[in-house]
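So this block is final.pdb, PDB, C-alpha atoms, pLDDT in the B column:
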ATOM      1  CA  MET A  99     -63.335 -27.386 -41.179  1.00 46.00           C
ATOM      2  CA  ARG A 100     -65.634 -24.583 -40.135  1.00 50.00           C
ATOM      3  CA  LYS A 101     -65.013 -21.238 -41.828  1.00 50.00           C
ATOM      4  CA  SER A 102     -64.807 -17.995 -39.795  1.00 50.00           C
ATOM      5  CA  HIS A 103     -67.592 -15.603 -40.359  1.00 57.00           C
ATOM      6  CA  PRO A 104     -66.494 -12.490 -42.427  1.00 57.00           C
ATOM      7  CA  VAL A 105     -67.927 -10.081 -39.830  1.00 52.00           C
ATOM      8  CA  ARG A 106     -66.009 -11.771 -37.026  1.00 56.00           C
ATOM      9  CA  ARG A 107     -62.738 -11.482 -39.002  1.00 56.00           C
ATOM     10  CA  ALA A 108     -63.317  -7.757 -39.543  1.00 53.00           C
ATOM     11  CA  VAL A 109     -63.929  -7.180 -35.806  1.00 51.00           C
ATOM     12  CA  LEU A 110     -60.744  -9.012 -34.843  1.00 52.00           C
ATOM     13  CA  ALA A 111     -58.660  -7.043 -37.389  1.00 53.00           C
ATOM     14  CA  GLY A 112     -60.046  -3.728 -36.124  1.00 56.00           C
ATOM     15  CA  ALA A 113     -59.253  -4.620 -32.525  1.00 53.00           C
ATOM     16  CA  ALA A 114     -55.656  -5.452 -33.450  1.00 52.00           C
ATOM     17  CA  THR A 115     -55.244  -2.114 -35.215  1.00 55.00           C
ATOM     18  CA  VAL A 116     -56.546  -0.154 -32.204  1.00 52.00           C
ATOM     19  CA  SER A 117     -54.198  -2.072 -29.869  1.00 54.00           C
ATOM     20  CA  GLY A 118     -51.240  -1.184 -32.070  1.00 55.00           C
ATOM     21  CA  ILE A 119     -52.081   2.531 -32.059  1.00 52.00           C
ATOM     22  CA  VAL A 120     -52.437   2.587 -28.253  1.00 49.00           C
ATOM     23  CA  LEU A 121     -49.050   0.871 -27.895  1.00 49.00           C
ATOM     24  CA  LEU A 122     -47.342   3.439 -30.162  1.00 46.00           C
ATOM     25  CA  LEU A 123     -48.873   6.372 -28.280  1.00 47.00           C
ATOM     26  CA  SER A 124     -47.711   4.954 -24.942  1.00 48.00           C
ATOM     27  CA  LEU A 125     -44.122   4.847 -26.256  1.00 46.00           C
ATOM     28  CA  LYS A 126     -44.112   8.496 -27.534  1.00 43.00           C
ATOM     29  CA  PRO A 127     -42.152  10.817 -25.174  1.00 42.00           C
ATOM     30  CA  ALA A 128     -43.901  13.795 -23.630  1.00 38.00           C
ATOM     31  CA  SER A 129     -43.062  16.929 -25.592  1.00 37.00           C
ATOM     32  CA  ASP A 130     -45.254  19.695 -24.161  1.00 36.00           C
ATOM     33  CA  PRO A 131     -43.862  22.034 -21.456  1.00 34.00           C
ATOM     34  CA  GLY A 132     -46.329  20.778 -18.851  1.00 31.00           C
ATOM     35  CA  SER A 133     -45.218  17.171 -19.250  1.00 32.00           C
ATOM     36  CA  ALA A 134     -41.547  18.158 -19.109  1.00 30.00           C
ATOM     37  CA  GLN A 135     -42.132  20.111 -15.912  1.00 31.00           C
ATOM     38  CA  ALA A 136     -44.001  17.197 -14.359  1.00 29.00           C
ATOM     39  CA  ALA A 137     -41.008  14.998 -15.142  1.00 32.00           C
ATOM     40  CA  GLY A 138     -38.704  17.352 -13.256  1.00 32.00           C
ATOM     41  CA  GLN A 139     -37.272  19.085 -16.337  1.00 33.00           C
ATOM     42  CA  ALA A 140     -37.201  22.846 -16.780  1.00 33.00           C
ATOM     43  CA  PRO A 141     -39.473  24.087 -19.585  1.00 37.00           C
ATOM     44  CA  PRO A 142     -37.783  26.022 -22.410  1.00 38.00           C
ATOM     45  CA  ALA A 143     -37.259  29.737 -21.695  1.00 31.00           C
ATOM     46  CA  ALA A 144     -39.826  32.042 -23.221  1.00 33.00           C
ATOM     47  CA  ALA A 145     -38.597  34.260 -26.022  1.00 29.00           C
ATOM     48  CA  GLY A 146     -37.371  37.617 -24.757  1.00 26.00           C
ATOM     49  CA  GLN A 147     -37.168  36.536 -21.127  1.00 27.00           C
ATOM     50  CA  ALA A 148     -34.306  38.161 -19.212  1.00 27.00           C
ATOM     51  CA  PRO A 149     -31.559  35.657 -18.351  1.00 28.00           C
ATOM     52  CA  GLN A 150     -30.836  34.932 -14.705  1.00 35.00           C
ATOM     53  CA  GLY A 151     -27.618  36.149 -13.092  1.00 47.00           C
ATOM     54  CA  GLY A 152     -26.005  39.587 -12.984  1.00 62.00           C
ATOM     55  CA  VAL A 153     -25.172  42.432 -10.669  1.00 71.00           C
ATOM     56  CA  ASN A 154     -26.383  42.439  -7.078  1.00 76.00           C
ATOM     57  CA  GLY A 155     -26.383  45.445  -4.764  1.00 79.00           C
ATOM     58  CA  ALA A 156     -26.368  49.217  -5.205  1.00 84.00           C
ATOM     59  CA  VAL A 157     -24.896  51.099  -8.155  1.00 88.00           C
ATOM     60  CA  THR A 158     -24.646  54.901  -8.107  1.00 89.00           C
ATOM     61  CA  GLY A 159     -24.526  56.868 -11.344  1.00 91.00           C
ATOM     62  CA  ASP A 160     -22.441  59.965 -11.927  1.00 91.00           C
ATOM     63  CA  ALA A 161     -23.986  63.274 -10.880  1.00 91.00           C
ATOM     64  CA  ALA A 162     -25.554  65.042 -13.865  1.00 93.00           C
ATOM     65  CA  GLN A 163     -25.487  68.833 -13.721  1.00 94.00           C
ATOM     66  CA  THR A 164     -28.649  70.626 -14.842  1.00 95.00           C
ATOM     67  CA  GLN A 165     -29.682  74.270 -15.042  1.00 94.00           C
ATOM     68  CA  TYR A 166     -31.339  73.951 -11.640  1.00 94.00           C
ATOM     69  CA  GLY A 167     -28.912  71.689  -9.810  1.00 94.00           C
ATOM     70  CA  ALA A 168     -27.328  68.239  -9.822  1.00 93.00           C
ATOM     71  CA  VAL A 169     -29.235  64.979 -10.265  1.00 95.00           C
ATOM     72  CA  GLN A 170     -27.706  61.665  -9.205  1.00 94.00           C
ATOM     73  CA  VAL A 171     -29.403  58.269  -9.350  1.00 95.00           C
ATOM     74  CA  ARG A 172     -28.728  55.128  -7.309  1.00 91.00           C
ATOM     75  CA  LEU A 173     -30.059  51.732  -8.381  1.00 92.00           C
ATOM     76  CA  THR A 174     -30.535  48.621  -6.283  1.00 90.00           C
ATOM     77  CA  MET A 175     -30.163  45.486  -8.394  1.00 87.00           C
ATOM     78  CA  ASN A 176     -30.879  41.795  -7.870  1.00 84.00           C
ATOM     79  CA  ASN A 177     -29.570  39.292 -10.433  1.00 78.00           C
ATOM     80  CA  GLY A 178     -29.213  42.099 -12.940  1.00 83.00           C
ATOM     81  CA  ARG A 179     -32.768  43.396 -12.481  1.00 89.00           C
ATOM     82  CA  ILE A 180     -33.540  46.857 -11.088  1.00 93.00           C
ATOM     83  CA  THR A 181     -35.545  46.459  -7.899  1.00 93.00           C
ATOM     84  CA  GLN A 182     -35.319  50.062  -6.686  1.00 94.00           C
ATOM     85  CA  ALA A 183     -34.356  53.463  -8.083  1.00 96.00           C
ATOM     86  CA  GLU A 184     -33.803  56.646  -6.087  1.00 95.00           C
ATOM     87  CA  ALA A 185     -32.374  60.108  -6.603  1.00 94.00           C
ATOM     88  CA  VAL A 186     -29.651  60.773  -4.027  1.00 91.00           C
ATOM     89  CA  GLN A 187     -29.301  64.278  -5.446  1.00 93.00           C
ATOM     90  CA  ALA A 188     -31.971  66.434  -7.089  1.00 95.00           C
ATOM     91  CA  PRO A 189     -32.620  70.166  -7.603  1.00 95.00           C
ATOM     92  CA  LYS A 190     -33.869  71.913  -4.468  1.00 93.00           C
ATOM     93  CA  GLY A 191     -34.857  75.338  -3.248  1.00 94.00           C
ATOM     94  CA  GLY A 192     -37.840  77.459  -4.254  1.00 94.00           C
ATOM     95  CA  ARG A 193     -40.006  75.988  -6.987  1.00 94.00           C
ATOM     96  CA  SER A 194     -37.482  73.184  -7.527  1.00 95.00           C
ATOM     97  CA  ASP A 195     -38.666  71.546  -4.289  1.00 95.00           C
ATOM     98  CA  GLN A 196     -42.169  71.141  -5.702  1.00 96.00           C
ATOM     99  CA  ILE A 197     -40.959  69.915  -9.093  1.00 96.00           C
ATOM    100  CA  THR A 198     -38.545  67.415  -7.514  1.00 96.00           C
ATOM    101  CA  SER A 199     -41.120  66.008  -5.083  1.00 96.00           C
ATOM    102  CA  SER A 200     -43.585  65.554  -7.929  1.00 96.00           C
ATOM    103  CA  SER A 201     -41.322  64.217 -10.684  1.00 97.00           C
ATOM    104  CA  VAL A 202     -38.663  62.075  -8.989  1.00 97.00           C
ATOM    105  CA  PRO A 203     -41.043  59.415  -7.562  1.00 97.00           C
ATOM    106  CA  ARG A 204     -42.587  59.026 -11.020  1.00 97.00           C
ATOM    107  CA  LEU A 205     -39.160  58.694 -12.621  1.00 97.00           C
ATOM    108  CA  ASN A 206     -38.159  56.100 -10.013  1.00 97.00           C
ATOM    109  CA  GLN A 207     -41.252  54.028 -10.750  1.00 96.00           C
ATOM    110  CA  ALA A 208     -40.703  54.315 -14.506  1.00 97.00           C
ATOM    111  CA  VAL A 209     -37.168  52.937 -14.210  1.00 96.00           C
ATOM    112  CA  VAL A 210     -38.254  49.841 -12.290  1.00 96.00           C
ATOM    113  CA  ALA A 211     -41.025  49.238 -14.817  1.00 95.00           C
ATOM    114  CA  ALA A 212     -38.842  49.795 -17.910  1.00 95.00           C
ATOM    115  CA  GLN A 213     -35.655  48.136 -16.580  1.00 93.00           C
ATOM    116  CA  SER A 214     -33.677  50.597 -18.702  1.00 93.00           C
ATOM    117  CA  ALA A 215     -33.005  54.301 -19.246  1.00 94.00           C
ATOM    118  CA  GLU A 216     -35.658  54.434 -21.974  1.00 95.00           C
ATOM    119  CA  ILE A 217     -38.197  56.328 -19.894  1.00 96.00           C
ATOM    120  CA  ASP A 218     -40.353  59.343 -20.703  1.00 96.00           C
ATOM    121  CA  ALA A 219     -39.608  62.781 -19.281  1.00 96.00           C
ATOM    122  CA  VAL A 220     -42.100  64.049 -16.704  1.00 96.00           C
ATOM    123  CA  SER A 221     -44.128  66.975 -17.989  1.00 95.00           C
ATOM    124  CA  GLY A 222     -43.048  70.220 -16.334  1.00 95.00           C
ATOM    125  CA  ALA A 223     -39.731  68.708 -15.185  1.00 95.00           C
ATOM    126  CA  THR A 224     -37.739  68.656 -18.414  1.00 96.00           C
ATOM    127  CA  TYR A 225     -34.343  69.506 -16.940  1.00 96.00           C
ATOM    128  CA  THR A 226     -34.722  67.207 -13.932  1.00 97.00           C
ATOM    129  CA  SER A 227     -35.853  64.367 -16.200  1.00 97.00           C
ATOM    130  CA  ALA A 228     -32.912  64.850 -18.551  1.00 97.00           C
ATOM    131  CA  GLY A 229     -30.424  64.887 -15.683  1.00 97.00           C
ATOM    132  CA  TYR A 230     -32.087  61.868 -14.112  1.00 97.00           C
ATOM    133  CA  LYS A 231     -31.850  59.848 -17.333  1.00 97.00           C
ATOM    134  CA  LYS A 232     -28.193  60.825 -17.829  1.00 96.00           C
ATOM    135  CA  SER A 233     -27.224  59.714 -14.310  1.00 95.00           C
ATOM    136  CA  LEU A 234     -29.384  56.612 -14.681  1.00 96.00           C
ATOM    137  CA  GLN A 235     -27.567  55.620 -17.871  1.00 95.00           C
ATOM    138  CA  SER A 236     -24.261  56.106 -16.075  1.00 93.00           C
ATOM    139  CA  ALA A 237     -25.394  53.731 -13.308  1.00 91.00           C
ATOM    140  CA  LEU A 238     -26.488  51.129 -15.860  1.00 92.00           C
ATOM    141  CA  ASP A 239     -23.145  51.448 -17.668  1.00 91.00           C
ATOM    142  CA  LYS A 240     -21.327  50.828 -14.385  1.00 87.00           C
ATOM    143  CA  ALA A 241     -23.508  47.801 -13.664  1.00 84.00           C
ATOM    144  CA  LYS A 242     -22.829  46.397 -17.125  1.00 84.00           C
ATOM    145  CA  ALA A 243     -19.087  46.935 -16.772  1.00 78.00           C
ATOM    146  CA  SER A 244     -19.130  45.330 -13.343  1.00 72.00           C
ATOM    147  CA  ALA A 245     -20.996  42.277 -14.647  1.00 70.00           C
ATOM    148  CA  GLY A 246     -18.581  41.942 -17.567  1.00 65.00           C
ATOM    149  CA  SER A 247     -15.589  42.268 -15.270  1.00 59.00           C
ATOM    150  CA  GLN A 248     -16.994  39.637 -12.943  1.00 57.00           C
ATOM    151  CA  GLN A 249     -17.686  37.181 -15.762  1.00 57.00           C
ATOM    152  CA  GLY A 250     -14.382  37.724 -17.526  1.00 53.00           C
ATOM    153  CA  SER A 251     -12.108  37.446 -14.495  1.00 51.00           C
ATOM    154  CA  GLY A 252     -13.378  34.447 -12.621  1.00 54.00           C
ATOM    155  CA  GLY A 253     -15.692  36.378 -10.322  1.00 62.00           C
ATOM    156  CA  ALA A 254     -13.385  39.373  -9.672  1.00 71.00           C
ATOM    157  CA  GLN A 255     -14.959  42.835  -9.727  1.00 77.00           C
ATOM    158  CA  THR A 256     -13.154  46.168  -9.787  1.00 81.00           C
ATOM    159  CA  LEU A 257     -15.354  48.847  -8.254  1.00 81.00           C
ATOM    160  CA  THR A 258     -14.666  52.552  -7.806  1.00 84.00           C
ATOM    161  CA  GLY A 259     -16.399  54.354  -4.959  1.00 85.00           C
ATOM    162  CA  ASP A 260     -17.889  57.831  -5.048  1.00 86.00           C
ATOM    163  CA  VAL A 261     -15.593  60.803  -4.451  1.00 86.00           C
ATOM    164  CA  ALA A 262     -15.642  61.851  -0.799  1.00 90.00           C
ATOM    165  CA  GLN A 263     -14.868  65.519  -0.249  1.00 92.00           C
ATOM    166  CA  THR A 264     -12.748  66.365   2.799  1.00 93.00           C
ATOM    167  CA  GLN A 265     -11.375  69.566   4.263  1.00 92.00           C
ATOM    168  CA  TYR A 266      -8.049  68.919   2.530  1.00 93.00           C
ATOM    169  CA  GLY A 267      -9.215  67.488  -0.791  1.00 92.00           C
ATOM    170  CA  PRO A 268     -11.132  64.601  -2.360  1.00 92.00           C
ATOM    171  CA  VAL A 269     -10.637  60.935  -1.542  1.00 94.00           C
ATOM    172  CA  GLN A 270     -11.737  58.160  -3.886  1.00 91.00           C
ATOM    173  CA  VAL A 271     -11.193  54.450  -3.364  1.00 92.00           C
ATOM    174  CA  ARG A 272     -11.078  51.569  -5.848  1.00 89.00           C
ATOM    175  CA  VAL A 273     -11.365  47.972  -4.670  1.00 91.00           C
ATOM    176  CA  THR A 274     -11.090  44.562  -6.276  1.00 88.00           C
ATOM    177  CA  VAL A 275     -13.570  42.064  -4.867  1.00 86.00           C
ATOM    178  CA  THR A 276     -13.159  38.349  -5.555  1.00 82.00           C
ATOM    179  CA  GLY A 277     -15.508  35.745  -4.171  1.00 77.00           C
ATOM    180  CA  GLY A 278     -17.111  38.309  -1.906  1.00 79.00           C
ATOM    181  CA  LYS A 279     -13.766  39.357  -0.359  1.00 87.00           C
ATOM    182  CA  ILE A 280     -11.662  42.478  -0.848  1.00 91.00           C
ATOM    183  CA  THR A 281      -8.416  41.365  -2.470  1.00 91.00           C
ATOM    184  CA  LYS A 282      -7.045  44.812  -3.291  1.00 92.00           C
ATOM    185  CA  ALA A 283      -7.736  48.408  -2.246  1.00 94.00           C
ATOM    186  CA  GLU A 284      -6.204  51.637  -3.532  1.00 94.00           C
ATOM    187  CA  ALA A 285      -6.874  55.361  -3.381  1.00 92.00           C
ATOM    188  CA  VAL A 286      -7.213  56.803  -6.878  1.00 88.00           C
ATOM    189  CA  GLN A 287      -7.630  60.267  -5.358  1.00 91.00           C
ATOM    190  CA  ALA A 288      -6.234  61.603  -2.072  1.00 93.00           C
ATOM    191  CA  PRO A 289      -5.325  65.026  -0.606  1.00 93.00           C
ATOM    192  CA  LYS A 290      -2.082  66.427  -1.996  1.00 91.00           C
ATOM    193  CA  GLY A 291       0.108  69.481  -1.738  1.00 92.00           C
ATOM    194  CA  GLY A 292       2.167  70.707   1.198  1.00 92.00           C
ATOM    195  CA  ARG A 293       1.827  68.638   4.370  1.00 93.00           C
ATOM    196  CA  SER A 294      -0.981  66.600   2.753  1.00 92.00           C
ATOM    197  CA  ASP A 295       1.587  64.770   0.610  1.00 93.00           C
ATOM    198  CA  GLN A 296       3.286  63.406   3.725  1.00 94.00           C
ATOM    199  CA  ILE A 297       0.028  62.490   5.430  1.00 94.00           C
ATOM    200  CA  THR A 298      -1.313  60.776   2.307  1.00 94.00           C
ATOM    201  CA  SER A 299       1.860  58.758   1.677  1.00 94.00           C
ATOM    202  CA  SER A 300       1.862  57.616   5.281  1.00 94.00           C
ATOM    203  CA  SER A 301      -1.818  56.899   5.836  1.00 95.00           C
ATOM    204  CA  VAL A 302      -3.206  55.581   2.537  1.00 95.00           C
ATOM    205  CA  PRO A 303      -1.076  52.395   2.363  1.00 96.00           C
ATOM    206  CA  ARG A 304      -2.169  51.562   5.917  1.00 96.00           C
ATOM    207  CA  LEU A 305      -5.813  52.190   5.051  1.00 96.00           C
ATOM    208  CA  ASN A 306      -5.469  49.974   1.979  1.00 95.00           C
ATOM    209  CA  GLN A 307      -4.062  47.134   4.063  1.00 94.00           C
ATOM    210  CA  ALA A 308      -6.747  47.589   6.704  1.00 95.00           C
ATOM    211  CA  ALA A 309      -9.536  47.389   4.094  1.00 94.00           C
ATOM    212  CA  VAL A 310      -8.202  44.083   2.735  1.00 94.00           C
ATOM    213  CA  ALA A 311      -7.715  42.669   6.233  1.00 93.00           C
ATOM    214  CA  ALA A 312     -11.160  43.719   7.496  1.00 92.00           C
ATOM    215  CA  GLY A 313     -13.056  42.889   4.324  1.00 90.00           C
ATOM    216  CA  ASN A 314     -15.358  45.856   4.912  1.00 91.00           C
ATOM    217  CA  ALA A 315     -15.368  49.589   5.627  1.00 90.00           C
ATOM    218  CA  GLN A 316     -15.267  49.168   9.410  1.00 92.00           C
ATOM    219  CA  ILE A 317     -11.602  50.127   9.725  1.00 95.00           C
ATOM    220  CA  ASP A 318      -9.831  52.369  12.218  1.00 95.00           C
ATOM    221  CA  ALA A 319      -8.777  55.875  11.284  1.00 95.00           C
ATOM    222  CA  VAL A 320      -5.041  56.437  10.980  1.00 95.00           C
ATOM    223  CA  SER A 321      -3.694  58.680  13.720  1.00 94.00           C
ATOM    224  CA  GLY A 322      -2.880  62.135  12.364  1.00 93.00           C
ATOM    225  CA  ALA A 323      -4.971  61.554   9.218  1.00 94.00           C
ATOM    226  CA  THR A 324      -8.498  61.934  10.551  1.00 94.00           C
ATOM    227  CA  TYR A 325      -9.999  63.692   7.530  1.00 95.00           C
ATOM    228  CA  THR A 326      -8.292  61.451   4.972  1.00 95.00           C
ATOM    229  CA  SER A 327      -9.376  58.360   6.907  1.00 95.00           C
ATOM    230  CA  ALA A 328     -12.990  59.535   7.093  1.00 96.00           C
ATOM    231  CA  GLY A 329     -13.087  60.276   3.369  1.00 95.00           C
ATOM    232  CA  TYR A 330     -11.420  56.945   2.590  1.00 96.00           C
ATOM    233  CA  LYS A 331     -13.992  54.994   4.599  1.00 95.00           C
ATOM    234  CA  LYS A 332     -16.892  56.866   3.000  1.00 93.00           C
ATOM    235  CA  SER A 333     -15.671  56.189  -0.544  1.00 92.00           C
ATOM    236  CA  LEU A 334     -14.790  52.591   0.356  1.00 92.00           C
ATOM    237  CA  GLN A 335     -18.322  51.984   1.617  1.00 92.00           C
ATOM    238  CA  SER A 336     -19.831  53.337  -1.594  1.00 87.00           C
ATOM    239  CA  ALA A 337     -17.624  50.966  -3.607  1.00 86.00           C
ATOM    240  CA  LEU A 338     -18.713  48.020  -1.476  1.00 86.00           C
ATOM    241  CA  ASP A 339     -22.369  49.061  -1.901  1.00 83.00           C
ATOM    242  CA  GLN A 340     -21.903  48.522  -5.627  1.00 75.00           C
ATOM    243  CA  ALA A 341     -20.705  44.994  -4.926  1.00 69.00           C
ATOM    244  CA  GLY A 342     -23.731  44.281  -2.774  1.00 63.00           C
ATOM    245  CA  GLY A 343     -22.134  45.200   0.563  1.00 53.00           C
TER
END
How does the structure come out when it is put into structure tokens?
Amino acid sequence: MRKSHPVRRAVLAGAATVSGIVLLLSLKPASDPGSAQAAGQAPPAAAGQAPQGGVNGAVTGDAAQTQYGAVQVRLTMNNGRITQAEAVQAPKGGRSDQITSSSVPRLNQAVVAAQSAEIDAVSGATYTSAGYKKSLQSALDKAKASAGSQQGSGGAQTLTGDVAQTQYGPVQVRVTVTGGKITKAEAVQAPKGGRSDQITSSSVPRLNQAAVAAGNAQIDAVSGATYTSAGYKKSLQSALDQAGG
């Protein structure tokens, strides 16, 4: 019998080893993010990335009183991220006009960039900046509470509108929104005293029912309660703005 040449045996053994390695590599699952994405799987979230989901719509902070006037901030949010910031109230008159026009746009931009109330004061606008940050924090607190309420109650949000001043007293509306619909409406403030007590007790329940039925602020004024109705609708709209309309 003819013996195999030693060199030939070595070549054959090496080829078998290489074939085995290739086979093992072909069976190894893809583990890098690019391969997972190509396979239709979402790559792991980067550390520190903001989670998706959250408040949508406009949220208005409380008015913050300063030495030169009130400052009030409104935020527009999308999935919990601030997409726009604006001052719906700011000091005005005299030199305040110049300071406000110079500082507020910079504060607005800083909020969108920082996504928080941790922003620097604008030089030369110390009081306006302090009031802005205080109202901003109030808006963020409301957004956080709204998101928590929505998550903890199966999608239900309780939202309180801004106070609407009328000739006979303030009107403030609170609504519960579930699944994008108004399920409850109530006036937490309404004109009172004298004839206002009678008008309020007669008109507010009808306005509450109308808000739930309409699902928006486009409701008819109650006859004989023009001022209360106007204030109710204004506060109702501000509450719905917080829920994204």
Got a sec to resolve the PyMOL selection byres ((chain A and resi 231) around 9) on this structure and send the residues as a PyMOL selection string? chain A and resi 162+171+205+215-217+219+226-230+232-236
Computed gap from atom CA of Lys240 of chain A to atom CA of Asn206 of chain A is 18.2 Å
Return as CSV the residues of segment 197-266 of chain A lying at most 8 Å from segment 272-283 of chain A, together with the closest atom-to-atom pair for each and the distance in Å to one decimal, counting all atoms listed in the file, with rows in chain order and ascending residue number.
residue,atom,partner,partner_atom,distance
A:Gly253,CA,A:Thr276,CA,5.7
A:Ala254,CA,A:Thr276,CA,4.2
A:Gln255,CA,A:Val275,CA,5.1
A:Thr256,CA,A:Thr274,CA,4.4
A:Leu257,CA,A:Val273,CA,5.4
A:Thr258,CA,A:Arg272,CA,4.2
A:Gly259,CA,A:Arg272,CA,6.1
Practice prompt. Pull out every residue that the PyMOL selection byres ((chain A and resi 290) around 12) matches in the shown coordinates and put them as a PyMOL selection string.
Written response: chain A and resi 264-269+286-289+291-299+302+326
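Atom pair atom CA of Val209 of chain A / atom CA of Val153 of chain A: separated by 16.3 Å.
Using all atoms listed in the file, every residue with an atom at most 7 Å from the point (-27.0, 52.0, -9.1) is listed here: Ala156, Val157, Thr158, Gly159, Val171, Arg172, Leu173, Thr174, Ala237 and Leu238 of chain A.
Between atom CA of Val210 of chain A and atom CA of Lys242 of chain A the interatomic distance comes to 16.5 Å.
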Non-local contacts of Ser200 of chain A (10 Å; all atoms listed in the file; under 5 positions in same chain excluded) as a list in words: Ser194, Asp195, Leu205, Val220, Gly222 and Ala223 of chain A
message = Applying the PyMOL selection byres ((chain A and resi 154) around 6) to the file I just gave you, which residues come out? Please list them as a count of residues only.
response = 6
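In this comparison, which uses only C-alpha atoms, the residue of A:Gln213, A:Ser300, A:Gln316, A:Gln307 approaching Ile180 of chain A most closely is A:Gln213.
Each of A:Gln182, A:Ser201, A:Gln165, A:Asn306 was compared to Ser327 of chain A using only C-alpha atoms, and A:Asn306 turns out to be the nearest.
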Taking all atoms of segment 151-170 of chain A that appear in the file, build a box with edges along x, y and z, extend it by 8 Å on every side, and state its centre and edge lengths in Å to one decimal, as lines of an AutoDock Vina configuration file.
center_x = -26.9
center_y = 55.2
center_z = -9.9
size_x = 24.9
size_y = 54.1
size_z = 26.3
* Which neighbours of Leu305 of chain A fall inside 10 Å, counting all atoms listed in the file, when residues of the same chain fewer than 3 positions from it are skipped, and could you give them as an MDAnalysis selection string? -> chainID A and resid 283:285 300:302 308:311 315 317:320 326:327 330:331
If you count all atoms listed in the file, the residue of A:Thr164, A:Gln340, A:Gln170, A:Gln187 closest to Ala245 of chain A turns out to be A:Gln340
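For the choices A:Leu334, A:Ala323, A:Ala328, A:Ala211, the atom-to-atom distance to Val271 of chain A is smallest for A:Leu334 when using all atoms listed in the file.
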